[in-house]
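Peer 1: The file below is start05.cif, mmCIF, C-alpha atoms:
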data_work
#
loop_
_atom_site.label_atom_id
_atom_site.label_comp_id
_atom_site.auth_asym_id
_atom_site.auth_seq_id
_atom_site.Cartn_x
_atom_site.Cartn_y
_atom_site.Cartn_z
CA MET A 1 2.02 -10.99 11.44
CA ALA A 2 2.25 -7.26 11.13
CA ALA A 3 4.12 -5.84 8.19
CA GLY A 4 4.49 -2.75 10.30
CA GLU A 5 8.02 -1.76 10.95
CA ARG A 6 9.70 -2.73 7.68
CA LEU A 7 7.20 -1.50 5.16
CA THR A 8 4.89 1.42 5.56
CA GLU A 9 1.36 1.06 4.31
CA ARG A 10 2.16 3.29 1.38
CA GLU A 11 5.22 1.25 0.40
CA ARG A 12 3.26 -1.96 0.67
CA ALA A 13 0.49 -0.53 -1.50
CA ALA A 14 3.03 0.60 -4.09
CA ILE A 15 4.57 -2.88 -4.25
CA GLU A 16 1.13 -4.44 -4.55
CA ARG A 17 0.21 -2.09 -7.37
CA ALA A 18 3.43 -2.85 -9.22
CA ALA A 19 2.92 -6.60 -8.81
CA GLU A 20 -0.66 -6.38 -10.01
CA ARG A 21 0.28 -4.27 -13.01
CA SER A 22 3.11 -6.57 -14.02
CA GLY A 23 0.86 -9.57 -13.51
CA ALA A 24 -1.88 -8.08 -15.67
CA GLY A 25 0.57 -7.25 -18.43
CA THR A 26 2.19 -10.66 -18.58
CA GLY A 27 -0.38 -13.16 -17.39
CA LEU A 28 2.04 -14.30 -14.71
CA THR A 29 1.68 -13.95 -10.95
CA PHE A 30 4.21 -11.82 -9.12
CA THR A 31 4.77 -12.41 -5.43
CA VAL A 32 7.20 -10.62 -3.14
CA CYS A 33 8.55 -12.03 0.11
CA PHE A 34 10.84 -10.32 2.61
CA ALA A 35 12.22 -12.86 5.00
CA ASP A 36 15.25 -14.10 6.84
CA ALA A 37 16.47 -17.14 4.89
CA ARG A 38 18.92 -18.44 7.53
CA GLY A 39 21.32 -20.25 5.28
CA ASP A 40 21.21 -20.93 1.58
CA VAL A 41 19.15 -18.06 0.22
CA ARG A 42 18.72 -19.52 -3.26
CA ALA A 43 17.52 -22.88 -1.95
CA HIS A 44 15.14 -21.18 0.46
CA ALA A 45 13.69 -18.98 -2.27
CA ARG A 46 13.29 -21.99 -4.58
CA SER A 47 11.47 -23.93 -1.91
CA LEU A 48 9.16 -20.99 -1.25
CA HIS A 49 8.47 -20.75 -4.97
CA ALA A 50 7.76 -24.47 -5.14
CA GLY A 51 5.16 -23.95 -2.43
CA LEU A 52 3.22 -21.37 -4.44
CA ALA A 53 -0.04 -22.17 -6.12
CA ASN A 54 0.19 -22.20 -9.93
CA ARG A 55 3.96 -22.14 -9.60
CA GLU A 56 4.54 -22.70 -13.32
CA HIS A 57 3.34 -19.16 -13.93
CA ALA A 58 4.66 -17.69 -10.69
CA VAL A 59 7.51 -15.26 -10.28
CA LEU A 60 8.81 -14.93 -6.74
CA VAL A 61 10.93 -11.97 -5.69
CA PHE A 62 12.64 -12.94 -2.46
CA VAL A 63 14.56 -10.37 -0.44
CA ASP A 64 16.64 -11.14 2.62
CA PRO A 65 17.63 -7.72 3.95
CA GLY A 66 19.80 -9.19 6.67
CA ALA A 67 21.93 -11.22 4.28
CA ARG A 68 21.74 -8.45 1.65
CA ALA A 69 20.54 -11.08 -0.76
CA LEU A 70 17.95 -10.98 -3.53
CA GLU A 71 16.57 -13.91 -5.46
CA ILE A 72 14.18 -13.97 -8.38
CA VAL A 73 12.67 -17.40 -8.99
CA THR A 74 10.55 -18.09 -12.04
CA GLY A 75 8.39 -21.10 -12.78
CA SER A 76 8.71 -23.33 -15.83
CA GLU A 77 6.26 -21.28 -17.91
CA ALA A 78 7.26 -17.96 -16.39
CA ARG A 79 10.93 -18.46 -17.30
CA ARG A 80 9.98 -18.50 -20.97
CA ARG A 81 8.56 -15.01 -20.54
CA VAL A 82 10.99 -13.65 -17.99
CA ASP A 83 14.26 -15.10 -19.13
CA LYS A 84 17.62 -15.05 -17.41
CA ARG A 85 18.58 -11.80 -19.07
CA GLY A 86 15.42 -9.97 -17.99
CA ALA A 87 15.68 -11.32 -14.47
CA THR A 88 19.34 -10.30 -14.20
CA LEU A 89 18.56 -6.78 -15.41
CA ALA A 90 15.80 -6.49 -12.82
CA THR A 91 18.19 -7.79 -10.18
CA LEU A 92 20.72 -5.11 -11.02
CA ALA A 93 18.09 -2.37 -10.87
CA MET A 94 16.81 -3.60 -7.53
CA THR A 95 20.18 -4.03 -5.84
CA SER A 96 21.26 -0.57 -6.91
CA LYS A 97 18.23 0.87 -5.11
CA PHE A 98 18.73 -1.44 -2.12
CA SER A 99 22.28 -0.26 -1.72
CA ILE A 100 21.06 3.26 -1.01
CA GLY A 101 18.57 1.93 1.52
CA ASP A 102 15.42 2.09 -0.57
CA LEU A 103 13.95 -1.38 -0.12
CA ALA A 104 10.42 -0.72 -1.36
CA GLY A 105 11.49 1.49 -4.26
CA GLY A 106 13.88 -1.18 -5.48
CA VAL A 107 11.21 -3.85 -5.39
CA VAL A 108 8.78 -1.62 -7.29
CA ASP A 109 11.40 -0.89 -9.95
CA GLY A 110 12.26 -4.56 -10.24
CA LEU A 111 8.63 -5.60 -10.61
CA GLN A 112 8.16 -3.05 -13.36
CA MET A 113 11.23 -4.32 -15.20
CA LEU A 114 10.12 -7.93 -14.81
CA GLY A 115 6.73 -6.95 -16.18
CA GLU A 116 8.32 -5.20 -19.14
CA SER A 117 10.57 -8.14 -19.80
CA GLY A 118 7.70 -10.63 -19.61
CA ARG A 119 5.50 -8.58 -21.91
CA ARG A 120 7.84 -9.28 -24.80
CA PRO A 121 6.23 -12.08 -26.81
CA PRO A 122 8.28 -15.27 -26.76
CA VAL A 123 9.99 -16.12 -30.02
CA LEU A 124 9.28 -19.78 -30.60
CA HIS A 125 10.36 -20.23 -34.19
CA THR A 126 14.05 -19.55 -33.71
CA ASP A 127 16.58 -21.51 -31.78
CA ASN A 128 18.04 -19.59 -28.93
CA PRO A 129 21.80 -20.20 -28.83
CA MET B 1 -15.90 47.01 -45.84
CA ALA B 2 -18.87 48.76 -44.35
CA THR B 3 -20.50 45.41 -43.75
CA LEU B 4 -17.37 44.16 -42.04
CA THR B 5 -17.23 47.20 -39.76
CA SER B 6 -20.86 46.87 -38.83
CA VAL B 7 -20.41 43.19 -38.07
CA MET B 8 -17.38 43.96 -35.91
CA SER B 9 -19.14 46.71 -34.01
CA HIS B 10 -22.09 44.42 -33.53
CA GLN B 11 -19.76 41.81 -32.08
CA VAL B 12 -18.23 44.40 -29.78
CA VAL B 13 -21.63 45.52 -28.55
CA ARG B 14 -22.72 41.93 -28.01
CA GLY B 15 -19.50 41.21 -26.15
CA ALA B 16 -20.00 44.27 -23.97
CA VAL B 17 -23.54 43.24 -23.19
CA ARG B 18 -22.47 39.71 -22.40
CA THR B 19 -19.69 40.77 -20.03
CA VAL B 20 -21.54 43.58 -18.30
CA GLY B 21 -21.78 41.57 -15.07
CA SER B 22 -18.12 40.73 -14.91
CA GLY B 23 -17.16 44.17 -16.25
CA GLU B 24 -18.48 45.82 -13.09
CA ALA B 25 -16.47 43.49 -10.93
CA ARG B 26 -13.38 44.13 -13.01
CA SER B 27 -13.64 47.90 -12.79
CA ALA B 28 -14.15 47.60 -9.04
CA ALA B 29 -11.00 45.47 -8.78
CA ARG B 30 -9.15 48.06 -10.86
CA LEU B 31 -10.26 50.80 -8.46
CA VAL B 32 -9.07 48.81 -5.47
CA VAL B 33 -5.66 48.15 -7.05
CA ALA B 34 -5.24 51.81 -8.00
CA ALA B 35 -6.23 53.04 -4.54
CA GLY B 36 -3.93 50.49 -2.92
CA SER B 37 -0.93 51.40 -5.00
CA VAL B 38 -1.43 55.11 -4.36
CA THR B 39 -1.67 54.48 -0.61
CA ILE B 40 1.46 52.34 -0.59
CA GLY B 41 3.33 54.93 -2.61
CA LEU B 42 2.37 57.68 -0.19
CA LEU B 43 3.41 55.52 2.76
CA LEU B 44 6.78 54.87 1.14
CA LEU B 45 7.33 58.55 0.51
CA ALA B 46 6.19 59.66 3.97
CA PRO B 47 9.45 58.92 5.87
CA ALA B 48 11.47 60.73 3.25
CA ALA B 49 9.17 63.72 3.54
CA SER B 50 9.49 63.85 7.31
CA ALA B 51 13.24 63.34 7.13
CA SER B 52 13.56 66.22 4.74
CA THR B 53 11.96 68.48 7.33
CA GLY B 54 14.15 67.10 10.16
CA GLY B 55 17.02 69.52 9.91
CA PRO B 56 19.25 71.48 7.60
CA GLY B 57 20.25 69.37 4.63
CA GLY B 58 18.32 66.37 5.87
CA ASP B 59 21.19 65.21 8.10
CA ASP B 60 18.95 64.21 11.00
CA THR B 61 19.87 60.54 11.29
CA GLY B 62 17.40 59.76 14.07
CA ALA B 63 17.95 58.12 17.41
CA GLY B 64 19.86 55.08 16.13
CA LEU B 65 19.35 51.44 16.96
CA SER B 66 19.96 49.94 20.35
CA PHE B 67 22.31 46.97 20.69
CA VAL B 68 19.45 44.50 20.90
CA GLN B 69 17.72 45.99 17.86
CA THR B 70 20.93 45.83 15.85
CA LEU B 71 21.45 42.24 16.82
CA LEU B 72 17.88 41.34 15.90
CA LEU B 73 18.04 43.12 12.58
CA TYR B 74 21.43 41.94 11.33
CA VAL B 75 21.78 38.55 13.04
CA GLY B 76 18.29 37.48 14.05
CA ALA B 77 16.54 38.10 10.76
CA PRO B 78 19.08 36.25 8.56
CA ALA B 79 19.19 33.41 11.06
CA ALA B 80 15.40 33.19 11.02
CA ILE B 81 15.35 33.05 7.23
CA PHE B 82 18.09 30.40 7.30
CA VAL B 83 16.14 28.27 9.78
CA LEU B 84 12.96 28.66 7.74
CA ILE B 85 14.64 27.45 4.57
CA VAL B 86 16.25 24.52 6.37
CA LEU B 87 12.87 23.53 7.82
CA LEU B 88 11.25 23.74 4.40
CA VAL B 89 13.92 21.46 2.96
CA VAL B 90 14.23 18.94 5.77
CA GLY B 91 10.71 19.04 7.15
CA PRO B 92 8.85 16.76 4.73
CA SER B 93 11.24 13.84 5.21
CA LEU B 94 11.29 14.31 8.99
CA GLY B 95 7.62 13.42 9.11
CA LYS B 96 8.14 10.11 7.34
CA GLY B 97 10.27 8.56 10.03
CA PRO B 98 13.50 6.65 9.55
CA ARG B 99 14.04 4.65 6.41
CA HIS B 100 14.77 0.97 6.41
CA ARG B 101 18.43 0.27 6.95
CA THR B 102 19.22 -2.34 4.33
CA GLY B 103 21.57 -4.83 5.87
CA ALA B 104 19.67 -4.91 9.12
CA ALA B 105 17.97 -8.22 9.71
CA LEU B 106 14.20 -8.42 9.82
CA GLU B 107 12.88 -8.33 13.36
CA THR B 108 9.47 -9.43 12.23
CA GLY B 109 8.57 -12.67 10.53
CA PRO B 110 8.36 -12.98 6.76
CA ILE B 111 6.49 -10.21 4.96
CA TRP B 112 4.52 -11.34 1.95
CA VAL B 113 3.15 -9.06 -0.71
CA ASP B 114 0.93 -11.34 -2.70
CA PRO B 115 -1.83 -9.56 -4.63
CA ALA B 116 -2.54 -12.65 -6.76
CA GLY B 117 -3.10 -14.80 -3.69
CA VAL B 118 -0.90 -17.70 -4.79
CA GLN B 119 0.83 -18.18 -1.47
CA ARG B 120 -0.29 -21.48 -0.02
CA THR B 121 1.99 -21.89 2.94
CA PRO B 122 0.94 -19.89 6.00
CA ALA B 123 3.04 -16.80 6.44
CA ASP B 124 4.33 -17.79 9.85
CA THR B 125 5.61 -21.21 8.82
CA VAL B 126 7.49 -20.42 5.63
CA THR B 127 10.84 -20.25 7.35
CA PRO B 128 12.14 -23.79 7.17
CA ASP B 129 12.86 -25.42 10.46
CA GLY B 130 15.61 -27.56 9.04
CA PRO B 131 17.26 -28.58 5.81
CA GLY B 132 14.85 -31.50 5.50
CA ALA B 133 11.86 -29.26 4.84
CA THR B 134 13.72 -27.44 2.09
CA ARG B 135 14.94 -30.63 0.46
CA ARG B 136 11.54 -32.25 0.51
CA ARG B 137 9.82 -29.34 -1.16
CA ALA B 138 12.62 -28.68 -3.59
CA THR B 139 12.29 -32.19 -4.97
CA GLU B 140 8.62 -31.72 -5.80
CA PRO B 141 7.84 -31.83 -9.52
CA GLY B 142 8.21 -28.41 -11.05
CA ALA B 143 10.93 -27.32 -8.70
CA SER B 144 13.75 -28.46 -10.94
CA ASP B 145 12.94 -26.30 -13.95
CA GLN B 146 12.90 -23.03 -12.10
CA GLY B 147 14.70 -20.06 -13.56
CA GLY B 148 15.59 -16.64 -12.31
CA ALA B 149 18.54 -14.66 -11.09
CA SER B 150 20.37 -13.81 -7.90
CA GLY B 151 21.78 -10.57 -6.61
CA ARG B 152 23.79 -9.34 -3.65
CA TRP B 153 24.34 -5.82 -2.50
#
Mind turning the file's structure into structure tokens?
Peer 2:
Amino acid sequence: MAAGERLTERERAAIERAAERSGAGTGLTFTVCFADARGDVRAHARSLHAGLANREHAVLVFVDPGARALEIVTGSEARRRVDKRGATLATLAMTSKFSIGDLAGGVVDGLQMLGESGRRPPVLHTDNP
Amino acid sequence: MATLTSVMSHQVVRGAVRTVGSGEARSAARLVVAAGSVTIGLLLLAPAASASTGGPGGDDTGAGLSFVQTLLLYVGAPAAIFVLIVLLVVGPSLGKGPRHRTGAALETGPIWVDPAGVQRTPADTVTPDGPGATRRRATEPGASDQGGASGRW
């Protein structure tokens, strides 16, 4: 499968760099998938995430450009590092870039924000309300 | 005081000795600049000098411009500058080709960017063929405690 017409080589390299950097900073694995979900986007993204190796530490960024839908799925360990709040913030940053047609730039921004959010050490000694 | 002066002069002499190679080049460059500016000045003054000898009171206005010359000078030159600036502004993004239109469906199959190499399912078969495939994998252990967020644009 050629990534050709949707992502240029440079865009692809930028996304890879961002994913690697966020992964190195958090100890999680960041994977990006652009695909046509054909139906329930959330369920499709969750099933893709469930098919990843080491899914407990995996963060999947799933983008369906046709449905204008974005999903961030985190594994059971990854969600302790990248919580709902961090994922939602990244989602907002990404969709604002997507809405001006910058698919790759939005993904790069989102990966950086997810990496920043996951770098925060988890607070285990307090009860989160 | 005398010691200070002697030290300073010594430094100056040493500096002059050290920079004697580059000093020659610098004085040559100075000569070139001076000669160039004098030549340009003379060239700028030359038309005025010839005009002043053209007629009584310097009212020799010359032959005048033809229609084509006028057009070139007052329309062509500004238009050329305009086009040049537009090209400088627009040119770099013209070379990149069209951007992705978000909202347009993917014509290709799924595109994975997976530097960690955690993707197990082959890239061409990740699109589920039916709801059964999704349900089966979603009920695997670990799928229920997923987190994350959704967005639409």
Peer 1: Expand the PyMOL selection byres ((chain A and resi 35-39) around 7) into the individual residues it matches in the shown file, reporting them as an NGL selection string.
Peer 2: (:A and (33-34 or 40-41 or 44 or 63-64 or 66)) or (:B and (106 or 109-111 or 127))
Peer 1: Include C-alpha atoms and write out the residues we just selected as an mmCIF file, in the coordinates of the input.
Peer 2:
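Wrote out_32.cif, looks like this:
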data_model
loop_
_atom_site.group_PDB
_atom_site.id
_atom_site.type_symbol
_atom_site.label_atom_id
_atom_site.label_comp_id
_atom_site.auth_asym_id
_atom_site.auth_seq_id
_atom_site.Cartn_x
_atom_site.Cartn_y
_atom_site.Cartn_z
ATOM 1 C CA CYS A 33 8.550 -12.030 0.110
ATOM 2 C CA PHE A 34 10.840 -10.320 2.610
ATOM 3 C CA ASP A 40 21.210 -20.930 1.580
ATOM 4 C CA VAL A 41 19.150 -18.060 0.220
ATOM 5 C CA HIS A 44 15.140 -21.180 0.460
ATOM 6 C CA VAL A 63 14.560 -10.370 -0.440
ATOM 7 C CA ASP A 64 16.640 -11.140 2.620
ATOM 8 C CA GLY A 66 19.800 -9.190 6.670
ATOM 9 C CA LEU B 106 14.200 -8.420 9.820
ATOM 10 C CA GLY B 109 8.570 -12.670 10.530
ATOM 11 C CA PRO B 110 8.360 -12.980 6.760
ATOM 12 C CA ILE B 111 6.490 -10.210 4.960
ATOM 13 C CA THR B 127 10.840 -20.250 7.350
#
Peer 1: When the PyMOL selection byres ((chain A and resi 67-84) around 8) is applied to the structure above, which residues does it catch, written out as number ranges by chain?
Peer 2: A: 26, 28, 36, 41-42, 45-46, 49, 55-66, 85-88, 91, 95, 114, 117-122; B: 102-103, 105, 142-143, 145-153
Peer 1: Residues picked by the PyMOL selection byres ((chain A and resi 11-15) around 8) here, as a PDB file with C-alpha atoms, in the coordinates of the input?
Peer 2:
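out11.pdb was written with the following content:
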ATOM      1  CA  LEU A   7       7.200  -1.500   5.160  1.00  0.00           C
ATOM      2  CA  THR A   8       4.890   1.420   5.560  1.00  0.00           C
ATOM      3  CA  GLU A   9       1.360   1.060   4.310  1.00  0.00           C
ATOM      4  CA  ARG A  10       2.160   3.290   1.380  1.00  0.00           C
ATOM      5  CA  GLU A  16       1.130  -4.440  -4.550  1.00  0.00           C
ATOM      6  CA  ARG A  17       0.210  -2.090  -7.370  1.00  0.00           C
ATOM      7  CA  ALA A  18       3.430  -2.850  -9.220  1.00  0.00           C
ATOM      8  CA  ALA A  19       2.920  -6.600  -8.810  1.00  0.00           C
ATOM      9  CA  ALA A 104      10.420  -0.720  -1.360  1.00  0.00           C
ATOM     10  CA  GLY A 105      11.490   1.490  -4.260  1.00  0.00           C
ATOM     11  CA  VAL A 107      11.210  -3.850  -5.390  1.00  0.00           C
ATOM     12  CA  VAL A 108       8.780  -1.620  -7.290  1.00  0.00           C
TER      13      VAL A 108
ATOM     14  CA  VAL B 113       3.150  -9.060  -0.710  1.00  0.00           C
TER      15      VAL B 113
END
Peer 1: Report the distance between CA of Asn54 (chain A) and CA of Glu116 (chain A) in Å, rounded to one decimal place.
Peer 2: 21.0 Å
Peer 1: When you count only C-alpha atoms, which of these residues is closest to chain B: A:Leu52, A:Ala24, A:Leu111, A:Ala93?
Peer 2: A:Leu52
Peer 1: One number please: CA of Thr29 (chain A) to CA of Leu92 (chain A), in Å, one decimal.
Peer 2: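 Distance between the two atoms: 21.0 Å.
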Peer 1: How many Å lie between CA of Thr31 (chain A) and CA of Asp114 (chain B), rounded to one decimal?
Peer 2: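 Separating CA of Thr31 (chain A) from CA of Asp114 (chain B) is a distance of 4.8 Å.
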